[in-house]
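**Q** This is structure.tsv, which holds TSV, C-alpha atoms:
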```
chain	number	residue	atom	x	y	z
A	153	MET	CA	-7.94	-2.23	-18.79
A	154	PRO	CA	-7.84	-2.70	-15.02
A	155	ILE	CA	-8.40	-5.93	-13.15
A	156	LEU	CA	-9.25	-5.88	-9.45
A	157	THR	CA	-7.35	-8.68	-7.79
A	158	ASN	CA	-6.60	-7.83	-4.16
A	159	SER	CA	-10.02	-9.12	-3.07
A	160	GLY	CA	-9.11	-12.57	-4.34
A	161	ARG	CA	-12.17	-12.70	-6.60
A	162	ASN	CA	-10.27	-12.83	-9.87
A	163	GLU	CA	-7.12	-14.73	-8.90
A	164	PRO	CA	-7.99	-17.96	-10.79
A	165	GLY	CA	-8.39	-16.01	-14.02
A	166	LEU	CA	-5.39	-13.74	-13.64
A	167	ALA	CA	-2.98	-15.92	-15.63
A	168	SER	CA	-5.39	-16.26	-18.55
A	169	ALA	CA	-6.19	-12.53	-18.42
A	170	VAL	CA	-2.50	-11.62	-18.58
A	171	ALA	CA	-1.88	-14.17	-21.33
A	172	SER	CA	-4.71	-12.75	-23.47
A	173	ARG	CA	-3.88	-9.08	-22.82
A	174	THR	CA	-3.86	-6.60	-25.68
A	175	CYS	CA	-1.91	-3.95	-23.74
A	176	ARG	CA	1.87	-3.67	-23.99
A	177	VAL	CA	2.22	-2.52	-20.36
A	178	VAL	CA	1.25	-4.48	-17.24
A	179	HIS	CA	1.28	-2.34	-14.12
A	180	LEU	CA	1.47	-4.33	-10.88
A	181	THR	CA	0.92	-1.95	-7.98
A	182	HIS	CA	-0.54	-1.53	-4.50
A	183	ASN	CA	-4.17	-0.51	-3.82
A	184	ASP	CA	-4.08	2.90	-2.11
A	185	LEU	CA	-3.88	6.53	-3.24
A	186	ASP	CA	-0.18	6.26	-4.07
A	187	ALA	CA	-0.86	3.28	-6.33
A	188	VAL	CA	-3.78	5.07	-7.98
A	189	GLY	CA	-1.62	8.12	-8.63
A	190	ALA	CA	1.13	5.94	-10.09
A	191	ASP	CA	-1.39	4.21	-12.34
A	192	ALA	CA	-2.78	7.55	-13.53
A	193	ILE	CA	0.69	8.61	-14.62
A	194	HIS	CA	1.27	5.30	-16.40
A	195	ARG	CA	-1.88	6.09	-18.41
A	196	MET	CA	-0.69	9.61	-19.15
A	197	ARG	CA	2.44	8.04	-20.63
A	198	TYR	CA	1.06	4.95	-22.36
A	199	GLY	CA	-2.59	5.85	-22.95
A	200	ALA	CA	-5.74	4.75	-21.11
A	201	GLY	CA	-6.06	1.64	-23.28
A	202	GLY	CA	-2.38	0.78	-23.14
A	203	VAL	CA	-2.10	-0.30	-19.51
A	204	PHE	CA	-3.29	-3.52	-17.88
A	205	THR	CA	-3.46	-2.74	-14.14
A	206	ILE	CA	-3.23	-5.28	-11.35
A	207	TRP	CA	-4.13	-3.86	-7.92
A	208	SER	CA	-2.50	-5.90	-5.16
A	209	SER	CA	-2.33	-5.98	-1.41
A	210	VAL	CA	1.18	-6.35	0.02
A	211	GLY	CA	0.32	-9.88	1.11
A	212	LYS	CA	-0.76	-10.96	-2.37
A	213	PHE	CA	2.12	-9.35	-4.26
A	214	SER	CA	4.43	-12.37	-4.36
A	215	GLN	CA	1.64	-14.55	-5.73
A	216	PHE	CA	0.59	-12.06	-8.39
A	217	PHE	CA	4.20	-11.33	-9.39
A	218	SER	CA	4.81	-15.06	-9.84
A	219	ILE	CA	1.68	-15.46	-11.98
A	220	VAL	CA	2.64	-12.62	-14.30
A	221	ALA	CA	6.29	-13.74	-14.46
A	222	SER	CA	5.19	-17.18	-15.61
A	223	CYS	CA	3.28	-15.75	-18.59
A	224	ALA	CA	4.92	-14.96	-21.90
A	225	GLY	CA	6.18	-11.38	-21.83
A	226	LYS	CA	6.67	-10.97	-25.60
A	227	GLY	CA	8.92	-7.97	-24.96
A	228	ASP	CA	6.20	-6.10	-23.04
A	229	LEU	CA	6.78	-3.96	-19.97
A	230	LEU	CA	6.02	-5.23	-16.47
A	231	SER	CA	6.08	-2.11	-14.30
A	232	ILE	CA	5.98	-2.54	-10.51
A	233	SER	CA	5.31	0.42	-8.25
A	234	ASP	CA	4.63	1.25	-4.60
A	235	ILE	CA	5.57	-2.22	-3.33
A	236	GLY	CA	8.82	-3.02	-1.58
A	237	TYR	CA	11.17	-5.97	-1.70
A	238	HIS	CA	9.73	-9.41	-0.96
A	239	HIS	CA	11.64	-12.55	-0.08
A	240	GLU	CA	13.21	-14.14	-3.18
A	241	ALA	CA	11.66	-11.53	-5.48
A	242	GLU	CA	14.89	-11.57	-7.46
A	243	ALA	CA	14.19	-15.18	-8.52
A	244	VAL	CA	10.71	-14.22	-9.75
A	245	ALA	CA	12.13	-11.19	-11.56
A	246	GLY	CA	14.70	-13.43	-13.20
A	247	ARG	CA	11.95	-15.78	-14.37
A	248	ALA	CA	9.99	-12.83	-15.76
A	249	LYS	CA	13.03	-11.67	-17.71
A	250	ALA	CA	13.61	-15.19	-19.06
A	251	ASN	CA	9.99	-15.28	-20.21
A	252	GLY	CA	10.39	-12.10	-22.21
A	253	TRP	CA	9.28	-9.34	-19.81
A	254	VAL	CA	11.06	-6.02	-19.45
A	255	VAL	CA	10.79	-5.39	-15.70
A	256	GLU	CA	10.93	-1.92	-14.13
A	257	TRP	CA	10.46	-1.38	-10.38
A	258	ARG	CA	9.79	1.94	-8.62
A	259	ASP	CA	9.26	2.18	-4.89
A	260	HIS	CA	9.64	4.48	-1.89
A	261	HIS	CA	9.73	1.98	0.97
A	262	ARG	CA	12.86	1.11	2.91
A	263	TRP	CA	15.14	-1.39	1.17
A	264	ARG	CA	18.36	-2.88	2.51
A	265	GLU	CA	21.45	-2.52	0.34
A	266	ASP	CA	21.64	-6.27	-0.26
A	267	GLU	CA	18.00	-6.28	-1.43
A	268	ILE	CA	18.71	-3.47	-3.88
A	269	ARG	CA	21.72	-5.30	-5.29
A	270	LYS	CA	19.72	-8.51	-5.77
A	271	ILE	CA	16.89	-6.82	-7.66
A	272	GLU	CA	19.16	-4.57	-9.73
A	273	LYS	CA	20.74	-7.68	-11.24
A	274	ALA	CA	17.36	-9.11	-12.24
A	275	VAL	CA	15.43	-6.11	-13.63
A	276	SER	CA	15.93	-3.50	-16.35
A	277	SER	CA	15.67	-0.63	-13.87
A	278	LEU	CA	15.10	-0.13	-10.15
A	279	HIS	CA	14.40	3.27	-8.61
A	280	VAL	CA	14.05	3.46	-4.82
A	281	ASP	CA	13.64	6.87	-3.17
A	282	THR	CA	12.28	7.09	0.38
A	283	SER	CA	12.08	10.90	0.31
A	284	VAL	CA	9.01	10.99	-1.94
A	285	CYS	CA	5.93	8.89	-2.70
A	286	ALA	CA	5.92	6.25	-5.43
A	287	THR	CA	3.76	8.46	-7.64
A	288	ALA	CA	6.50	11.10	-7.64
A	289	ILE	CA	9.10	8.53	-8.73
A	290	VAL	CA	6.83	7.35	-11.54
A	291	ALA	CA	6.11	10.94	-12.61
A	292	ARG	CA	9.80	11.81	-12.61
A	293	ASP	CA	10.64	8.78	-14.77
A	294	LEU	CA	7.68	8.62	-17.16
A	295	GLU	CA	6.33	12.19	-17.45
A	296	PRO	CA	9.09	14.58	-16.30
A	297	ALA	CA	7.78	17.57	-18.29
A	298	ASN	CA	4.07	17.01	-17.60
A	299	GLU	CA	2.75	19.66	-15.18
A	300	VAL	CA	-0.42	17.65	-14.48
A	301	ALA	CA	1.70	14.66	-13.49
A	302	LYS	CA	3.76	16.87	-11.19
A	303	GLU	CA	0.62	18.21	-9.51
A	304	VAL	CA	-0.79	14.70	-9.06
A	305	ALA	CA	2.52	13.68	-7.46
A	306	ARG	CA	2.45	16.66	-5.09
A	307	VAL	CA	-1.08	15.88	-3.92
A	308	VAL	CA	-0.40	12.17	-3.49
A	309	CYS	CA	2.86	12.76	-1.61
A	310	ASP	CA	1.04	15.16	0.73
A	311	TYR	CA	-1.17	12.28	1.86
A	312	ASP	CA	1.25	9.37	1.62
A	313	LEU	CA	4.07	11.10	3.50
A	314	TRP	CA	1.68	12.40	6.16
A	315	THR	CA	2.31	16.06	5.38
A	316	HIS	CA	-1.42	16.90	5.25
A	317	ALA	CA	-0.93	20.46	4.01
A	318	ASP	CA	-3.21	20.06	0.99
A	319	PRO	CA	-6.87	19.32	1.89
A	320	ARG	CA	-7.40	17.60	-1.47
A	321	SER	CA	-5.12	14.75	-0.45
A	322	ALA	CA	-7.13	13.83	2.67
A	323	VAL	CA	-10.34	13.69	0.65
A	324	LEU	CA	-8.83	11.43	-2.01
A	325	GLY	CA	-7.04	9.22	0.52
A	326	GLN	CA	-10.23	8.59	2.45
A	327	VAL	CA	-12.39	8.10	-0.63
A	328	LEU	CA	-9.99	5.38	-1.75
A	329	GLN	CA	-10.61	3.42	1.43
A	330	ARG	CA	-13.46	2.08	-0.68
A	331	LYS	CA	-12.01	0.16	-3.60
A	332	VAL	CA	-15.13	0.83	-5.69
A	333	ASN	CA	-13.80	4.40	-6.09
A	334	ARG	CA	-10.37	3.38	-7.35
A	335	ASP	CA	-10.89	3.52	-11.10
A	336	HIS	CA	-12.96	6.70	-10.95
A	337	VAL	CA	-10.35	8.61	-8.94
A	338	ARG	CA	-7.58	7.30	-11.21
A	339	ASP	CA	-9.42	8.45	-14.33
A	340	CYS	CA	-9.97	11.87	-12.75
A	341	LEU	CA	-6.28	12.22	-11.91
A	342	VAL	CA	-5.32	11.41	-15.49
A	343	GLN	CA	-7.21	14.58	-16.45
A	344	GLY	CA	-5.85	16.65	-13.55
A	345	ILE	CA	-9.21	16.58	-11.74
A	346	PHE	CA	-9.00	16.24	-7.95
A	347	THR	CA	-12.65	16.42	-7.00
A	348	ASP	CA	-16.09	16.08	-8.51
A	349	GLU	CA	-19.62	15.34	-7.35
A	350	GLN	CA	-19.02	11.61	-6.94
A	351	ILE	CA	-15.84	12.11	-4.93
A	352	GLU	CA	-17.49	14.69	-2.65
A	353	ARG	CA	-20.53	12.47	-2.12
A	354	GLN	CA	-18.39	9.48	-1.23
A	355	TYR	CA	-16.25	11.57	1.11
A	356	THR	CA	-19.27	12.85	3.05
A	357	ASP	CA	-20.62	9.32	3.45
A	358	ILE	CA	-17.24	7.92	4.49
A	359	ARG	CA	-16.67	10.64	7.11
A	360	ARG	CA	-19.96	9.78	8.75
A	361	GLU	CA	-19.18	6.07	8.79
A	362	MET	CA	-15.54	6.53	9.79
A	363	ARG	CA	-16.20	8.53	12.95
A	364	ALA	CA	-18.44	5.79	14.36
A	365	MET	CA	-15.78	3.14	13.61
A	366	MET	CA	-12.95	5.20	15.15
A	367	LYS	CA	-14.91	5.77	18.36
A	368	LYS	CA	-15.52	2.04	18.64
A	369	SER	CA	-11.80	1.29	18.20
A	370	LEU	CA	-10.92	3.92	20.82
A	371	ARG	CA	-13.27	2.43	23.39
A	372	ARG	CA	-11.68	-0.99	22.95
A	373	SER	CA	-8.05	0.13	23.01
A	374	THR	CA	-5.45	-1.44	25.29
A	375	ILE	CA	-2.32	0.49	26.37
A	376	LEU	CA	0.97	-1.38	26.90
A	377	GLY	CA	4.67	-0.52	27.05
A	378	ALA	CA	7.15	1.28	29.29
A	379	LYS	CA	9.58	2.99	26.93
A	380	TYR	CA	6.74	3.83	24.54
A	381	ARG	CA	3.04	4.23	25.14
A	382	ILE	CA	1.57	1.74	22.66
A	383	ALA	CA	-2.14	1.37	21.91
A	384	PHE	CA	-3.54	-1.90	20.54
A	385	ALA	CA	-7.02	-1.52	19.07
A	386	PRO	CA	-9.36	-3.59	16.89
A	387	LEU	CA	-9.83	-2.51	13.30
A	388	TYR	CA	-13.34	-1.71	12.13
A	389	GLY	CA	-12.17	0.32	9.13
A	390	TYR	CA	-9.89	3.21	8.13
A	391	PRO	CA	-6.64	2.20	9.89
A	392	SER	CA	-4.62	5.37	9.30
A	393	GLU	CA	-7.39	7.67	10.45
A	394	THR	CA	-8.13	5.42	13.44
A	395	ALA	CA	-4.48	5.57	14.50
A	396	HIS	CA	-4.50	9.37	14.37
A	397	PHE	CA	-7.78	9.48	16.28
A	398	ILE	CA	-6.41	7.26	19.06
A	399	ARG	CA	-3.16	9.25	19.25
A	400	ASP	CA	-5.05	12.51	19.64
A	401	HIS	CA	-7.21	11.13	22.44
A	402	LEU	CA	-4.77	8.86	24.32
A	403	LYS	CA	-1.48	10.69	23.64
A	404	THR	CA	0.21	7.50	22.45
A	405	ASP	CA	3.59	7.01	20.83
A	406	MET	CA	2.45	4.07	18.69
A	407	GLU	CA	-0.85	2.67	17.50
A	408	VAL	CA	-1.32	-0.94	16.41
A	409	ILE	CA	-4.64	-1.38	14.64
A	410	VAL	CA	-5.38	-5.10	14.47
A	411	GLY	CA	-7.71	-6.92	12.09
A	412	LYS	CA	-9.62	-10.07	12.99
A	413	ASP	CA	-7.07	-12.31	11.26
A	414	GLY	CA	-4.06	-10.73	12.99
A	415	LYS	CA	-2.94	-8.42	10.21
A	416	PHE	CA	-2.10	-5.02	11.64
A	417	SER	CA	-1.33	-1.45	10.66
A	418	LEU	CA	1.31	0.28	12.76
A	419	ARG	CA	1.82	4.01	13.16
A	420	SER	CA	4.54	5.52	15.34
A	421	VAL	CA	5.96	8.85	16.42
A	422	PRO	CA	9.52	7.46	16.65
A	423	PRO	CA	10.72	6.47	13.15
A	424	ILE	CA	10.85	2.72	13.80
A	425	SER	CA	7.58	1.33	12.38
A	426	HIS	CA	9.33	-0.40	9.49
A	427	LEU	CA	11.84	-2.07	11.82
A	428	ILE	CA	9.09	-3.42	14.07
A	429	ALA	CA	6.96	-4.60	11.15
A	430	ARG	CA	9.84	-6.61	9.71
A	431	GLU	CA	9.79	-8.73	12.85
A	432	PHE	CA	6.24	-9.71	11.94
A	433	GLY	CA	6.62	-10.49	8.25
A	434	GLY	CA	5.86	-6.97	7.05
A	435	GLY	CA	7.47	-3.64	6.34
A	436	GLY	CA	6.76	-0.09	5.32
A	437	HIS	CA	7.94	3.36	6.31
A	438	PRO	CA	9.61	4.70	9.47
A	439	ASN	CA	6.33	6.13	10.76
A	440	ALA	CA	3.80	3.85	9.06
A	441	ALA	CA	4.05	0.13	8.37
A	442	GLY	CA	2.16	-3.13	8.57
A	443	GLY	CA	2.62	-6.79	9.43
A	444	SER	CA	0.77	-9.81	10.75
A	445	PHE	CA	0.50	-11.72	14.00
A	446	ASN	CA	-0.78	-14.73	12.02
A	447	PHE	CA	-3.53	-15.55	14.49
A	448	THR	CA	-4.57	-19.16	14.88
A	449	VAL	CA	-8.29	-19.93	15.06
A	450	VAL	CA	-8.09	-19.90	18.86
A	451	GLU	CA	-6.18	-16.62	18.85
A	452	ARG	CA	-8.76	-15.04	16.59
A	453	PHE	CA	-11.47	-15.98	19.06
A	454	ALA	CA	-9.42	-14.69	22.03
A	455	TRP	CA	-8.85	-11.38	20.22
A	456	TRP	CA	-12.55	-11.05	19.44
A	457	LEU	CA	-13.60	-11.93	23.00
A	458	LEU	CA	-10.87	-10.51	25.24
A	459	ARG	CA	-9.16	-7.92	23.02
A	460	ARG	CA	-5.78	-9.28	24.11
A	461	SER	CA	-3.12	-11.43	22.47
A	462	ARG	CA	0.20	-12.94	23.49
A	463	HIS	CA	1.67	-11.33	20.39
A	464	PHE	CA	1.21	-7.85	21.82
A	465	GLU	CA	3.99	-8.33	24.35
A	466	ASP	CA	6.24	-9.54	21.51
A	467	LEU	CA	5.58	-6.32	19.61
A	468	VAL	CA	6.25	-4.23	22.70
A	469	LYS	CA	9.61	-6.01	23.13
A	470	ALA	CA	10.46	-5.44	19.48
A	471	ALA	CA	9.58	-1.75	19.78
A	472	GLU	CA	11.52	-1.18	22.97
A	473	SER	CA	14.62	-2.92	21.61
A	474	CYS	CA	14.86	-0.51	18.66
```
Can you present the structure in this file as structure tokens?
**A**
Amino acid sequence: MPILTNSGRNEPGLASAVASRTCRVVHLTHNDLDAVGADAIHRMRYGAGGVFTIWSSVGKFSQFFSIVASCAGKGDLLSISDIGYHHEAEAVAGRAKANGWVVEWRDHHRWREDEIRKIEKAVSSLHVDTSVCATAIVARDLEPANEVAKEVARVVCDYDLWTHADPRSAVLGQVLQRKVNRDHVRDCLVQGIFTDEQIERQYTDIRREMRAMMKKSLRRSTILGAKYRIAFAPLYGYPSETAHFIRDHLKTDMEVIVGKDGKFSLRSVPPISHLIAREFGGGGHPNAAGGSFNFTVVERFAWWLLRRSRHFEDLVKAAESC
């Protein structure tokens, strides 16, 4: 029983949908391959009809968490995966507990010790492990003896941790750049299926589209920095793949792929992406993170017209001070 929420389409009805749920498990997770893998394993454990899934962007998580926490839990499980600590999340978790939810949180992003202590006091269980993907944590906790779950975790970790040794992971990761494929891929993973005609067809179409977008981003890249060679480029789609494409062609140390509203994806050779992103209201992993420059209307226009922003120098300073 999934509900697609990260687009914003269904936000007004989310509270009523949660309140009228028939499932005993609400899974609040991210919206990429790792989240899809984690959701597949939830369904292996609780059944396809036993999980109410809420896909969320990082930026929408606090809002969605608050909405669910405000609904009556009735002793049901609220399982959070693949999303890191957010400011004052412990207060929301406390409210969820008071309203009858059993809250479990599994994540593989970087948490500070004080953040871990805050959340541990407010939830039934918290598992943070940066050495694996979130899917692997979920598989270890929910389906430890399930060989299909273990294989799903291996494939997802290959993509999410940038190992790229298993070609199946790249196909699935890119296919899930289109959210329309999310439920189909998840349902395949539940059965231990990693490819089919629909997945292959979508992958071929995406590869064709993606190359044109990456070339456009490369042409409009700007290089800054002294300590590190940092590329700033506009986002037309596929941020991770675009970053790799730019790195291969421009031999950069970091790639900042910037959307029209100022939200950015950051990739880096030195393991400091998460530290930089925190300076811009975001977070993530040592080599892959995201944040936002919070462009004003004027700054959006300047970025569109000139492909420059005053915020870029701030990011360079943050990077070179790490």
**Q** Determine, counting only C-alpha atoms, which protein, DNA and RNA residues have an atom within 8 Å of an atom of Val468 of chain A; residues of the same chain fewer than 3 positions away are not included. Present the result as a ChimeraX atom specification.
**A** /A:376-377,382,464-465,471-472
**Q** Can I get the selected residues back with C-alpha atoms, as a PDB file, in the frame of the given file?
**A**
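See again_23.pdb below for the written result:
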```pdb
ATOM      1  CA  LEU A 376       0.970  -1.380  26.900  1.00  0.00           C
ATOM      2  CA  GLY A 377       4.670  -0.520  27.050  1.00  0.00           C
ATOM      3  CA  ILE A 382       1.570   1.740  22.660  1.00  0.00           C
ATOM      4  CA  PHE A 464       1.210  -7.850  21.820  1.00  0.00           C
ATOM      5  CA  GLU A 465       3.990  -8.330  24.350  1.00  0.00           C
ATOM      6  CA  ALA A 471       9.580  -1.750  19.780  1.00  0.00           C
ATOM      7  CA  GLU A 472      11.520  -1.180  22.970  1.00  0.00           C
TER       8      GLU A 472
END
```
**Q** Within 7 Å of segment 277-292 of chain A, counting all atoms listed in the file, which residues qualify if same-chain residues fewer than 6 places away don't, as an NGL selection string?
**A** :A and (186 or 189-190 or 193 or 233-234 or 256-262 or 301-302 or 305 or 308-309 or 312-313)
**Q** Residues of segment 229-288 of chain A that approach segment 205-219 of chain A to 12 Å or less, counting all atoms listed in the file: could you list each one with the shortest pair of atoms and its distance in Å to one decimal, rows by chain and increasing residue number, as a tab-separated table?
**A**
```
residue	atom	partner	partner_atom	distance
A:Leu229	CA	A:Thr205	CA	11.8
A:Leu230	CA	A:Phe217	CA	9.5
A:Ser231	CA	A:Thr205	CA	9.6
A:Ile232	CA	A:Phe217	CA	9.0
A:Ser233	CA	A:Trp207	CA	10.4
A:Asp234	CA	A:Val210	CA	9.5
A:Ile235	CA	A:Val210	CA	6.9
A:Gly236	CA	A:Val210	CA	8.5
A:Tyr237	CA	A:Ser214	CA	9.7
A:His238	CA	A:Ser214	CA	7.0
A:His239	CA	A:Ser214	CA	8.4
A:Glu240	CA	A:Ser214	CA	9.0
A:Ala241	CA	A:Ser214	CA	7.4
A:Glu242	CA	A:Phe217	CA	10.9
A:Ala243	CA	A:Ser218	CA	9.5
A:Val244	CA	A:Ser218	CA	6.0
A:Ala245	CA	A:Phe217	CA	8.2
A:Gly246	CA	A:Ser218	CA	10.6
A:Arg247	CA	A:Ser218	CA	8.5
A:Ala248	CA	A:Ser218	CA	8.2
A:Lys249	CA	A:Ser218	CA	11.9
A:Asn251	CA	A:Ser218	CA	11.6
A:Trp253	CA	A:Phe217	CA	11.8
A:Val255	CA	A:Phe217	CA	10.9
A:Trp257	CA	A:Phe217	CA	11.8
A:His261	CA	A:Val210	CA	12.0
```
**Q** Determine, using all atoms listed in the file, which residues of segment 280-308 of chain A have any atom at most 8 Å from an atom of segment 344-360 of chain A, and tabulate each with its shortest atom pair and distance in Å to one decimal place, rows ordered by chain and then rising number, as CSV.
**A**
```
residue,atom,partner,partner_atom,distance
A:Val300,CA,A:Gly344,CA,5.6
A:Ala301,CA,A:Gly344,CA,7.8
A:Glu303,CA,A:Gly344,CA,7.8
A:Val304,CA,A:Gly344,CA,7.0
```
**Q** What residues have an atom no more than 9 Å from (-10.5, 9.1, -1.5) in the file's own frame, counting all atoms listed in the file, and can you write them as a list in words?
**A**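 Residues close enough to count: Asp184, Leu185, Ser321, Ala322, Val323, Leu324, Gly325, Gln326, Val327, Leu328, Gln329, Arg330, Asn333, Arg334, Val337, Ile351, Gln354 and Tyr355 of chain A.
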**Q** Could you jot down the atom CA of Tyr390 of chain A to atom CA of Arg460 of chain A separation for me, Å, one decimal place?
**A** 20.7 Å
**Q** Give the answer as one residue: which of A:His437, A:Glu299, A:Ile268, A:Gly225 has the shortest atom-to-atom distance to Ala167 of chain A, using only C-alpha atoms?
**A** A:Gly225
**Q** Could you check how far atom CA of Phe204 of chain A sits from atom CA of Asn298 of chain A, in Å to one decimal?
**A** 21.8 Å
**Q** One decimal, in Å: what's the spacing between atom CA of Met366 of chain A and atom CA of Cys474 of chain A?
**A** 28.6 Å
**Q** Using 8 Å of padding on each side, determine the axis-aligned box around all atoms of segment 457-470 of chain A present in the file and give its centre and edge lengths in Å to one decimal, as lines of an AutoDock Vina configuration file.
**A**
```
center_x = -1.6
center_y = -8.6
center_z = 22.4
size_x = 40.1
size_y = 24.7
size_z = 21.8
```
**Q** Would you list the residues near (5.5, 0.3, 8.8), meaning any protein, DNA or RNA residue with an atom at most 9 Å from that point in file coordinates, counting all atoms listed in the file, as a list of chain:residue names?
**A** A:Ser417, A:Leu418, A:Arg419, A:Ser420, A:Ile424, A:Ser425, A:His426, A:Leu427, A:Ile428, A:Ala429, A:Arg430, A:Gly434, A:Gly435, A:Gly436, A:His437, A:Pro438, A:Asn439, A:Ala440, A:Ala441, A:Gly442, A:Gly443
**Q** Have a look at A:Asp293, A:Arg306, A:Val332, A:Asp266 and name the one nearest to Arg197 of chain A; count only C-alpha atoms.
**A** A:Asp293
**Q** Any chance you could tabulate, as CSV, the residues of segment 193-305 of chain A at most 6 Å from segment 169-177 of chain A with each one's nearest atom pair and distance in Å to one decimal, using all atoms listed in the file, in chain and rising number order?
**A**
```
residue,atom,partner,partner_atom,distance
A:Gly202,CA,A:Cys175,CA,4.8
A:Val203,CA,A:Val177,CA,4.9
A:Asp228,CA,A:Arg176,CA,5.1
A:Leu229,CA,A:Val177,CA,4.8
```
